[in-house]
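Asks: Structure below; questions to follow.
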Amino acid sequence: MYTKAELKQQLQNAGLTGKETILIHSSMKAIGEVESGADTVLDAWMEYFADGLLLLPTHTWANVNAEHPVYDYRSTPSCVGLLTNLFRLRAGVVRSLHPTHSLAGFGKGAAEYLAGEDENNTPCTLGGAYDRLKDCVGKILLVGVGHERNTYIHSVEEVLNVPNRLAAEPMELLTILPDGSKKKVYMRKHYNAMQPHISEEFVKLNQAFLDCGVVEEVVFGDAKCLLRDAEKVFRVVRHVLAPDPECLVTKPEIPTERWMNFE
């Protein structure tokens, strides 16, 4: 059974200083047994990254849609796990106003970093909170999950304007603003006619990330983790997709030759 001190030591062992801007996707089940459970995991993260900016996804794409169109950052539950739901309710945590792909943040500049997400009309809009990770030397830590849960790759595809990644018609949604008023938002969701779960294809990039040296394999609790620099991930994905932007969905695998000359 892991203690908070042991979990924080593992973060240090991974080469993290605590001053990073870091986005964490996680599986509590994969982390294993921890004293006081999920709350201790969050305590470890929030204390360790107190001088940085800790970000967790608090997505609502599964429960905010055309049939249930209202998103309230204060009460709408996250659909991406236990840790995200506990985190969004903690003192000092700020949650963005993006109606389907919100992020919650704690630390330096959290409110400023997450501001303006109610203006987006796609899940990971150019210039939005996901895209800005590459511009602020941001890190991404996948804790017990793989690239199929790496929302940042959706952001890269949006920035690169990869075809057939978004629904043609937007949903009409309502975001509740801090003053209680309702803001109408038109949101296009991720959609591809060949693959309803686009992110499942992101695992085809596993070897490219490893061969190009942009991913480190570390541990947190019992979980096998992948740690990477967002800007480097962006460059590898751009390099791999450049000759064939839709290859992740249309090809059964990506040949290693595609990234052998990456610099």
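Ordering of the structure tokens sets the chain letters (A, B, ...), residue numbers begin anew at 1 in every chain, and ligands are numbered from 1 in the order given.
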Within 12 Å of stretch 65-79 of chain A, counting only C-alpha atoms, which residues show up once you throw out same-chain ones fewer than 4 positions away? Write them as a VMD selection string, please.
Replies: chain A and resid 56 to 61 83 to 90 93 to 104 117 to 118 169 to 189
Asks: For A:Phe202, list every protein, DNA or RNA residue within 12 Å, evaluated using only C-alpha atoms, and leave out those in the same chain fewer than 4 positions away; present the list as a PDB file with all heavy atoms, in the first residue's frame.
Replies:
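This is the output file around16.pdb:
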```pdb
ATOM      1  N   GLY A 146      -3.169   4.337 -21.943  1.00  0.00           N
ATOM      2  CA  GLY A 146      -2.327   4.492 -23.123  1.00  0.00           C
ATOM      3  C   GLY A 146      -2.721   5.682 -23.966  1.00  0.00           C
ATOM      4  O   GLY A 146      -3.521   6.534 -23.558  1.00  0.00           O
ATOM      5  N   HIS A 147      -2.173   5.724 -25.156  1.00  0.00           N
ATOM      6  CA  HIS A 147      -2.426   6.864 -26.036  1.00  0.00           C
ATOM      7  C   HIS A 147      -3.879   6.940 -26.504  1.00  0.00           C
ATOM      8  O   HIS A 147      -4.311   7.983 -26.992  1.00  0.00           O
ATOM      9  CB  HIS A 147      -1.479   6.818 -27.235  1.00  0.00           C
ATOM     10  CG  HIS A 147      -0.065   7.082 -26.873  1.00  0.00           C
ATOM     11  ND1 HIS A 147       0.369   8.311 -26.442  1.00  0.00           N
ATOM     12  CD2 HIS A 147       1.016   6.267 -26.837  1.00  0.00           C
ATOM     13  CE1 HIS A 147       1.663   8.255 -26.178  1.00  0.00           C
ATOM     14  NE2 HIS A 147       2.079   7.020 -26.398  1.00  0.00           N
ATOM     15  N   GLU A 148      -4.628   5.856 -26.333  1.00  0.00           N
ATOM     16  CA  GLU A 148      -6.055   5.914 -26.663  1.00  0.00           C
ATOM     17  C   GLU A 148      -6.802   6.857 -25.737  1.00  0.00           C
ATOM     18  O   GLU A 148      -7.940   7.233 -26.013  1.00  0.00           O
ATOM     19  CB  GLU A 148      -6.685   4.514 -26.609  1.00  0.00           C
ATOM     20  CG  GLU A 148      -6.859   3.928 -25.218  1.00  0.00           C
ATOM     21  CD  GLU A 148      -5.577   3.380 -24.610  1.00  0.00           C
ATOM     22  OE1 GLU A 148      -4.539   3.364 -25.315  1.00  0.00           O
ATOM     23  OE2 GLU A 148      -5.607   2.961 -23.444  1.00  0.00           O
ATOM     24  N   ARG A 149      -6.177   7.278 -24.625  1.00  0.00           N
ATOM     25  CA  ARG A 149      -6.779   8.256 -23.717  1.00  0.00           C
ATOM     26  C   ARG A 149      -6.050   9.597 -23.781  1.00  0.00           C
ATOM     27  O   ARG A 149      -6.296  10.476 -22.956  1.00  0.00           O
ATOM     28  CB  ARG A 149      -6.747   7.729 -22.281  1.00  0.00           C
ATOM     29  CG  ARG A 149      -7.587   6.483 -22.063  1.00  0.00           C
ATOM     30  CD  ARG A 149      -9.070   6.774 -22.222  1.00  0.00           C
ATOM     31  NE  ARG A 149      -9.877   5.576 -22.039  1.00  0.00           N
ATOM     32  CZ  ARG A 149     -10.269   4.779 -23.034  1.00  0.00           C
ATOM     33  NH1 ARG A 149      -9.924   5.071 -24.288  1.00  0.00           N
ATOM     34  NH2 ARG A 149     -10.999   3.713 -22.798  1.00  0.00           N
ATOM     35  N   ASN A 150      -5.177   9.754 -24.752  1.00  0.00           N
ATOM     36  CA  ASN A 150      -4.367  10.964 -24.854  1.00  0.00           C
ATOM     37  C   ASN A 150      -5.090  12.012 -25.701  1.00  0.00           C
ATOM     38  O   ASN A 150      -4.886  12.104 -26.917  1.00  0.00           O
ATOM     39  CB  ASN A 150      -3.007  10.621 -25.454  1.00  0.00           C
ATOM     40  CG  ASN A 150      -2.037  11.780 -25.438  1.00  0.00           C
ATOM     41  OD1 ASN A 150      -2.382  12.888 -25.020  1.00  0.00           O
ATOM     42  ND2 ASN A 150      -0.825  11.548 -25.894  1.00  0.00           N
ATOM     43  N   THR A 151      -5.931  12.805 -25.060  1.00  0.00           N
ATOM     44  CA  THR A 151      -6.734  13.802 -25.768  1.00  0.00           C
ATOM     45  C   THR A 151      -5.868  14.798 -26.524  1.00  0.00           C
ATOM     46  O   THR A 151      -6.312  15.381 -27.526  1.00  0.00           O
ATOM     47  CB  THR A 151      -7.650  14.544 -24.783  1.00  0.00           C
ATOM     48  OG1 THR A 151      -8.437  13.588 -24.066  1.00  0.00           O
ATOM     49  CG2 THR A 151      -8.587  15.504 -25.500  1.00  0.00           C
ATOM     50  N   TYR A 152      -4.644  14.996 -26.079  1.00  0.00           N
ATOM     51  CA  TYR A 152      -3.776  15.965 -26.757  1.00  0.00           C
ATOM     52  C   TYR A 152      -3.586  15.621 -28.231  1.00  0.00           C
ATOM     53  O   TYR A 152      -3.439  16.516 -29.060  1.00  0.00           O
ATOM     54  CB  TYR A 152      -2.423  16.045 -26.049  1.00  0.00           C
ATOM     55  CG  TYR A 152      -1.518  17.071 -26.679  1.00  0.00           C
ATOM     56  CD1 TYR A 152      -1.791  18.433 -26.559  1.00  0.00           C
ATOM     57  CD2 TYR A 152      -0.415  16.690 -27.427  1.00  0.00           C
ATOM     58  CE1 TYR A 152      -0.980  19.381 -27.159  1.00  0.00           C
ATOM     59  CE2 TYR A 152       0.404  17.624 -28.031  1.00  0.00           C
ATOM     60  CZ  TYR A 152       0.116  18.974 -27.892  1.00  0.00           C
ATOM     61  OH  TYR A 152       0.920  19.906 -28.504  1.00  0.00           O
ATOM     62  N   ILE A 153      -3.610  14.344 -28.582  1.00  0.00           N
ATOM     63  CA  ILE A 153      -3.441  13.980 -29.990  1.00  0.00           C
ATOM     64  C   ILE A 153      -4.637  14.459 -30.810  1.00  0.00           C
ATOM     65  O   ILE A 153      -4.493  14.845 -31.974  1.00  0.00           O
ATOM     66  CB  ILE A 153      -3.198  12.471 -30.145  1.00  0.00           C
ATOM     67  CG1 ILE A 153      -1.925  12.074 -29.388  1.00  0.00           C
ATOM     68  CG2 ILE A 153      -3.058  12.088 -31.623  1.00  0.00           C
ATOM     69  CD1 ILE A 153      -1.637  10.583 -29.402  1.00  0.00           C
ATOM     70  N   HIS A 154      -5.834  14.465 -30.226  1.00  0.00           N
ATOM     71  CA  HIS A 154      -6.981  15.098 -30.901  1.00  0.00           C
ATOM     72  C   HIS A 154      -6.660  16.555 -31.195  1.00  0.00           C
ATOM     73  O   HIS A 154      -6.989  17.081 -32.266  1.00  0.00           O
ATOM     74  CB  HIS A 154      -8.220  15.044 -30.006  1.00  0.00           C
ATOM     75  CG  HIS A 154      -8.976  13.759 -30.048  1.00  0.00           C
ATOM     76  ND1 HIS A 154      -9.511  13.238 -31.207  1.00  0.00           N
ATOM     77  CD2 HIS A 154      -9.319  12.894 -29.055  1.00  0.00           C
ATOM     78  CE1 HIS A 154     -10.149  12.110 -30.935  1.00  0.00           C
ATOM     79  NE2 HIS A 154     -10.047  11.879 -29.632  1.00  0.00           N
ATOM     80  N   VAL A 156      -3.723  17.921 -31.678  1.00  0.00           N
ATOM     81  CA  VAL A 156      -2.770  18.006 -32.788  1.00  0.00           C
ATOM     82  C   VAL A 156      -3.495  17.839 -34.107  1.00  0.00           C
ATOM     83  O   VAL A 156      -3.254  18.588 -35.065  1.00  0.00           O
ATOM     84  CB  VAL A 156      -1.658  16.944 -32.636  1.00  0.00           C
ATOM     85  CG1 VAL A 156      -0.704  17.006 -33.825  1.00  0.00           C
ATOM     86  CG2 VAL A 156      -0.893  17.135 -31.334  1.00  0.00           C
ATOM     87  N   GLU A 157      -4.407  16.873 -34.186  1.00  0.00           N
ATOM     88  CA  GLU A 157      -5.148  16.670 -35.429  1.00  0.00           C
ATOM     89  C   GLU A 157      -5.983  17.897 -35.786  1.00  0.00           C
ATOM     90  O   GLU A 157      -6.082  18.259 -36.965  1.00  0.00           O
ATOM     91  CB  GLU A 157      -6.049  15.437 -35.308  1.00  0.00           C
ATOM     92  CG  GLU A 157      -5.299  14.119 -35.300  1.00  0.00           C
ATOM     93  CD  GLU A 157      -6.209  12.921 -35.496  1.00  0.00           C
ATOM     94  OE1 GLU A 157      -7.323  12.928 -34.931  1.00  0.00           O
ATOM     95  OE2 GLU A 157      -5.819  11.999 -36.229  1.00  0.00           O
ATOM     96  N   GLN A 195     -14.524   5.185 -38.205  1.00  0.00           N
ATOM     97  CA  GLN A 195     -14.122   4.795 -36.859  1.00  0.00           C
ATOM     98  C   GLN A 195     -14.839   5.698 -35.848  1.00  0.00           C
ATOM     99  O   GLN A 195     -14.490   6.876 -35.686  1.00  0.00           O
ATOM    100  CB  GLN A 195     -12.598   4.932 -36.719  1.00  0.00           C
ATOM    101  CG  GLN A 195     -12.037   4.831 -35.305  1.00  0.00           C
ATOM    102  CD  GLN A 195     -12.436   3.592 -34.547  1.00  0.00           C
ATOM    103  OE1 GLN A 195     -13.572   3.479 -34.093  1.00  0.00           O
ATOM    104  NE2 GLN A 195     -11.503   2.673 -34.405  1.00  0.00           N
ATOM    105  N   HIS A 197     -14.702   5.677 -32.711  1.00  0.00           N
ATOM    106  CA  HIS A 197     -13.848   5.984 -31.558  1.00  0.00           C
ATOM    107  C   HIS A 197     -12.435   6.278 -32.069  1.00  0.00           C
ATOM    108  O   HIS A 197     -11.533   5.440 -31.991  1.00  0.00           O
ATOM    109  CB  HIS A 197     -13.854   4.825 -30.572  1.00  0.00           C
ATOM    110  CG  HIS A 197     -15.219   4.423 -30.122  1.00  0.00           C
ATOM    111  ND1 HIS A 197     -16.002   5.234 -29.310  1.00  0.00           N
ATOM    112  CD2 HIS A 197     -15.965   3.323 -30.383  1.00  0.00           C
ATOM    113  CE1 HIS A 197     -17.158   4.631 -29.083  1.00  0.00           C
ATOM    114  NE2 HIS A 197     -17.158   3.481 -29.725  1.00  0.00           N
ATOM    115  N   ILE A 198     -12.250   7.471 -32.591  1.00  0.00           N
ATOM    116  CA  ILE A 198     -11.015   7.839 -33.273  1.00  0.00           C
ATOM    117  C   ILE A 198      -9.791   7.620 -32.397  1.00  0.00           C
ATOM    118  O   ILE A 198      -8.743   7.151 -32.863  1.00  0.00           O
ATOM    119  CB  ILE A 198     -11.080   9.313 -33.737  1.00  0.00           C
ATOM    120  CG1 ILE A 198     -12.238   9.527 -34.716  1.00  0.00           C
ATOM    121  CG2 ILE A 198      -9.763   9.734 -34.394  1.00  0.00           C
ATOM    122  CD1 ILE A 198     -12.543  10.979 -35.007  1.00  0.00           C
ATOM    123  N   ASN A 206       2.456   4.527 -30.955  1.00  0.00           N
ATOM    124  CA  ASN A 206       3.274   4.115 -29.815  1.00  0.00           C
ATOM    125  C   ASN A 206       4.752   3.993 -30.174  1.00  0.00           C
ATOM    126  O   ASN A 206       5.630   4.543 -29.498  1.00  0.00           O
ATOM    127  CB  ASN A 206       2.789   2.775 -29.259  1.00  0.00           C
ATOM    128  CG  ASN A 206       1.481   2.873 -28.505  1.00  0.00           C
ATOM    129  OD1 ASN A 206       0.945   3.970 -28.310  1.00  0.00           O
ATOM    130  ND2 ASN A 206       0.954   1.744 -28.094  1.00  0.00           N
ATOM    131  N   GLN A 207       5.033   3.234 -31.229  1.00  0.00           N
ATOM    132  CA  GLN A 207       6.434   2.976 -31.575  1.00  0.00           C
ATOM    133  C   GLN A 207       7.120   4.233 -32.076  1.00  0.00           C
ATOM    134  O   GLN A 207       8.312   4.445 -31.819  1.00  0.00           O
ATOM    135  CB  GLN A 207       6.527   1.868 -32.624  1.00  0.00           C
ATOM    136  CG  GLN A 207       7.914   1.250 -32.733  1.00  0.00           C
ATOM    137  CD  GLN A 207       8.374   0.626 -31.427  1.00  0.00           C
ATOM    138  OE1 GLN A 207       7.617  -0.083 -30.770  1.00  0.00           O
ATOM    139  NE2 GLN A 207       9.615   0.892 -31.038  1.00  0.00           N
ATOM    140  N   ALA A 208       6.382   5.067 -32.778  1.00  0.00           N
ATOM    141  CA  ALA A 208       6.970   6.327 -33.253  1.00  0.00           C
ATOM    142  C   ALA A 208       7.433   7.184 -32.085  1.00  0.00           C
ATOM    143  O   ALA A 208       8.539   7.730 -32.097  1.00  0.00           O
ATOM    144  CB  ALA A 208       5.955   7.092 -34.102  1.00  0.00           C
ATOM    145  N   PHE A 209       6.599   7.296 -31.064  1.00  0.00           N
ATOM    146  CA  PHE A 209       6.979   8.090 -29.888  1.00  0.00           C
ATOM    147  C   PHE A 209       8.213   7.510 -29.196  1.00  0.00           C
ATOM    148  O   PHE A 209       9.118   8.238 -28.800  1.00  0.00           O
ATOM    149  CB  PHE A 209       5.817   8.161 -28.895  1.00  0.00           C
ATOM    150  CG  PHE A 209       4.646   8.978 -29.364  1.00  0.00           C
ATOM    151  CD1 PHE A 209       3.346   8.548 -29.129  1.00  0.00           C
ATOM    152  CD2 PHE A 209       4.824  10.169 -30.020  1.00  0.00           C
ATOM    153  CE1 PHE A 209       2.261   9.306 -29.544  1.00  0.00           C
ATOM    154  CE2 PHE A 209       3.750  10.941 -30.452  1.00  0.00           C
ATOM    155  CZ  PHE A 209       2.462  10.495 -30.212  1.00  0.00           C
ATOM    156  N   VAL A 233       5.655  15.814 -28.820  1.00  0.00           N
ATOM    157  CA  VAL A 233       4.573  14.975 -29.326  1.00  0.00           C
ATOM    158  C   VAL A 233       3.944  15.618 -30.556  1.00  0.00           C
ATOM    159  O   VAL A 233       3.683  14.952 -31.569  1.00  0.00           O
ATOM    160  CB  VAL A 233       3.506  14.735 -28.240  1.00  0.00           C
ATOM    161  CG1 VAL A 233       2.239  14.126 -28.833  1.00  0.00           C
ATOM    162  CG2 VAL A 233       4.052  13.824 -27.142  1.00  0.00           C
ATOM    163  N   VAL A 237       3.806  13.759 -34.273  1.00  0.00           N
ATOM    164  CA  VAL A 237       2.526  13.502 -34.945  1.00  0.00           C
ATOM    165  C   VAL A 237       2.470  14.246 -36.272  1.00  0.00           C
ATOM    166  O   VAL A 237       2.063  13.678 -37.300  1.00  0.00           O
ATOM    167  CB  VAL A 237       1.341  13.899 -34.041  1.00  0.00           C
ATOM    168  CG1 VAL A 237       0.021  13.714 -34.787  1.00  0.00           C
ATOM    169  CG2 VAL A 237       1.339  13.065 -32.766  1.00  0.00           C
ATOM    170  N   VAL A 240       4.659  12.362 -38.794  1.00  0.00           N
ATOM    171  CA  VAL A 240       4.090  11.081 -39.234  1.00  0.00           C
ATOM    172  C   VAL A 240       2.891  11.288 -40.148  1.00  0.00           C
ATOM    173  O   VAL A 240       2.713  10.563 -41.145  1.00  0.00           O
ATOM    174  CB  VAL A 240       3.701  10.225 -38.013  1.00  0.00           C
ATOM    175  CG1 VAL A 240       2.915   8.988 -38.440  1.00  0.00           C
ATOM    176  CG2 VAL A 240       4.950   9.811 -37.232  1.00  0.00           C
ATOM    177  N   LEU A 241       2.060  12.273 -39.842  1.00  0.00           N
ATOM    178  CA  LEU A 241       0.829  12.471 -40.610  1.00  0.00           C
ATOM    179  C   LEU A 241       1.031  13.267 -41.899  1.00  0.00           C
ATOM    180  O   LEU A 241       0.169  13.218 -42.787  1.00  0.00           O
ATOM    181  CB  LEU A 241      -0.213  13.194 -39.753  1.00  0.00           C
ATOM    182  CG  LEU A 241      -0.708  12.493 -38.488  1.00  0.00           C
ATOM    183  CD1 LEU A 241      -1.902  13.243 -37.920  1.00  0.00           C
ATOM    184  CD2 LEU A 241      -1.051  11.044 -38.732  1.00  0.00           C
ATOM    185  N   GLU A 246      -4.744  11.220 -42.969  1.00  0.00           N
ATOM    186  CA  GLU A 246      -5.793  10.362 -42.421  1.00  0.00           C
ATOM    187  C   GLU A 246      -5.314   8.946 -42.101  1.00  0.00           C
ATOM    188  O   GLU A 246      -6.113   8.064 -41.785  1.00  0.00           O
ATOM    189  CB  GLU A 246      -6.964  10.289 -43.391  1.00  0.00           C
ATOM    190  CG  GLU A 246      -7.722  11.597 -43.544  1.00  0.00           C
ATOM    191  CD  GLU A 246      -9.027  11.408 -44.270  1.00  0.00           C
ATOM    192  OE1 GLU A 246      -9.992  10.958 -43.623  1.00  0.00           O
ATOM    193  OE2 GLU A 246      -9.081  11.683 -45.477  1.00  0.00           O
ATOM    194  N   CYS A 247      -3.995   8.721 -42.138  1.00  0.00           N
ATOM    195  CA  CYS A 247      -3.481   7.357 -42.050  1.00  0.00           C
ATOM    196  C   CYS A 247      -3.835   6.640 -40.757  1.00  0.00           C
ATOM    197  O   CYS A 247      -3.946   5.408 -40.742  1.00  0.00           O
ATOM    198  CB  CYS A 247      -1.964   7.342 -42.258  1.00  0.00           C
ATOM    199  SG  CYS A 247      -1.018   8.222 -40.985  1.00  0.00           S
ATOM    200  N   LEU A 248      -4.017   7.368 -39.650  1.00  0.00           N
ATOM    201  CA  LEU A 248      -4.316   6.691 -38.390  1.00  0.00           C
ATOM    202  C   LEU A 248      -5.617   5.900 -38.459  1.00  0.00           C
ATOM    203  O   LEU A 248      -5.747   4.847 -37.837  1.00  0.00           O
ATOM    204  CB  LEU A 248      -4.381   7.695 -37.243  1.00  0.00           C
ATOM    205  CG  LEU A 248      -3.051   8.316 -36.818  1.00  0.00           C
ATOM    206  CD1 LEU A 248      -3.275   9.306 -35.686  1.00  0.00           C
ATOM    207  CD2 LEU A 248      -2.048   7.250 -36.398  1.00  0.00           C
ATOM    208  N   VAL A 249      -6.560   6.389 -39.226  1.00  0.00           N
ATOM    209  CA  VAL A 249      -7.847   5.707 -39.376  1.00  0.00           C
ATOM    210  C   VAL A 249      -7.862   4.815 -40.603  1.00  0.00           C
ATOM    211  O   VAL A 249      -8.402   3.699 -40.567  1.00  0.00           O
ATOM    212  CB  VAL A 249      -9.001   6.727 -39.435  1.00  0.00           C
ATOM    213  CG1 VAL A 249     -10.297   6.082 -39.894  1.00  0.00           C
ATOM    214  CG2 VAL A 249      -9.195   7.373 -38.063  1.00  0.00           C
ATOM    215  N   LYS A 251      -5.301   3.393 -42.394  1.00  0.00           N
ATOM    216  CA  LYS A 251      -4.266   2.371 -42.554  1.00  0.00           C
ATOM    217  C   LYS A 251      -4.224   1.460 -41.324  1.00  0.00           C
ATOM    218  O   LYS A 251      -4.323   1.941 -40.192  1.00  0.00           O
ATOM    219  CB  LYS A 251      -2.898   3.016 -42.763  1.00  0.00           C
ATOM    220  CG  LYS A 251      -2.791   3.895 -43.998  1.00  0.00           C
ATOM    221  CD  LYS A 251      -2.918   3.071 -45.271  1.00  0.00           C
ATOM    222  CE  LYS A 251      -2.574   3.893 -46.517  1.00  0.00           C
ATOM    223  NZ  LYS A 251      -3.508   5.014 -46.754  1.00  0.00           N
ATOM    224  N   PRO A 252      -4.044   0.147 -41.521  1.00  0.00           N
ATOM    225  CA  PRO A 252      -4.003  -0.772 -40.377  1.00  0.00           C
ATOM    226  C   PRO A 252      -2.789  -0.555 -39.489  1.00  0.00           C
ATOM    227  O   PRO A 252      -2.817  -0.851 -38.295  1.00  0.00           O
ATOM    228  CB  PRO A 252      -3.989  -2.158 -41.020  1.00  0.00           C
ATOM    229  CG  PRO A 252      -3.487  -1.931 -42.412  1.00  0.00           C
ATOM    230  CD  PRO A 252      -3.969  -0.577 -42.805  1.00  0.00           C
ATOM    231  N   GLU A 253      -1.706  -0.053 -40.051  1.00  0.00           N
ATOM    232  CA  GLU A 253      -0.515   0.270 -39.269  1.00  0.00           C
ATOM    233  C   GLU A 253       0.298   1.323 -40.011  1.00  0.00           C
ATOM    234  O   GLU A 253       0.103   1.547 -41.206  1.00  0.00           O
ATOM    235  CB  GLU A 253       0.337  -0.968 -39.013  1.00  0.00           C
ATOM    236  CG  GLU A 253       0.849  -1.638 -40.262  1.00  0.00           C
ATOM    237  CD  GLU A 253       1.655  -2.898 -39.966  1.00  0.00           C
ATOM    238  OE1 GLU A 253       1.429  -3.511 -38.911  1.00  0.00           O
ATOM    239  OE2 GLU A 253       2.496  -3.270 -40.805  1.00  0.00           O
ATOM    240  N   ILE A 254       1.201   1.969 -39.279  1.00  0.00           N
ATOM    241  CA  ILE A 254       2.044   3.013 -39.872  1.00  0.00           C
ATOM    242  C   ILE A 254       3.453   2.445 -40.020  1.00  0.00           C
ATOM    243  O   ILE A 254       4.041   1.977 -39.036  1.00  0.00           O
ATOM    244  CB  ILE A 254       2.083   4.276 -38.984  1.00  0.00           C
ATOM    245  CG1 ILE A 254       0.666   4.691 -38.569  1.00  0.00           C
ATOM    246  CG2 ILE A 254       2.786   5.411 -39.718  1.00  0.00           C
ATOM    247  CD1 ILE A 254      -0.256   5.006 -39.693  1.00  0.00           C
TER     248      ILE A 254
END
```
Asks: Can you tell me, as a list in words, what residues are no more than 9 Å from stretch 4-15 of chain A when counting only C-alpha atoms, ignoring any on the same chain fewer than 2 positions away?
Replies: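 So, after excluding close chain neighbours, the residues are Tyr2, Thr17, Gly18, Val34, Glu35, Thr40, Val41, Asp43, Ala44, Trp45, Glu47, Tyr48, Glu216, Glu217, Val218, Val219, Phe220, Gly221 and Leu227 of chain A.
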Asks: Create the file for the chosen residues now, containing C-alpha atoms and written as a compact mmCIF listing (two decimals), in the first residue's frame.
Replies:
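Result file is part.txt:
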```txt
# COMPACT_ATOMS: atom_id res chain seq x y z
CA TYR A 2 1.49 3.32 -1.11
CA THR A 17 10.43 19.14 -10.52
CA GLY A 18 6.91 20.14 -9.48
CA VAL A 34 -3.02 3.71 -1.66
CA GLU A 35 -3.51 4.85 1.93
CA THR A 40 -4.20 10.61 -1.23
CA VAL A 41 -3.38 10.44 -4.93
CA ASP A 43 -3.06 15.21 -2.33
CA ALA A 44 0.23 13.94 -3.73
CA TRP A 45 -0.32 15.59 -7.11
CA GLU A 47 1.19 19.20 -3.20
CA TYR A 48 3.94 18.15 -5.59
CA GLU A 216 9.68 8.15 -21.09
CA GLU A 217 8.33 5.07 -19.35
CA VAL A 218 7.92 5.76 -15.62
CA VAL A 219 5.81 4.45 -12.74
CA PHE A 220 3.28 5.90 -10.30
CA GLY A 221 2.00 3.51 -7.69
CA LEU A 227 5.62 10.88 -19.69
```
Asks: Which residues in stretch 28-60 of chain A does DSSP call strand (DSSP E)? List them as a PyMOL selection string.
Replies: chain A and resi 53-57
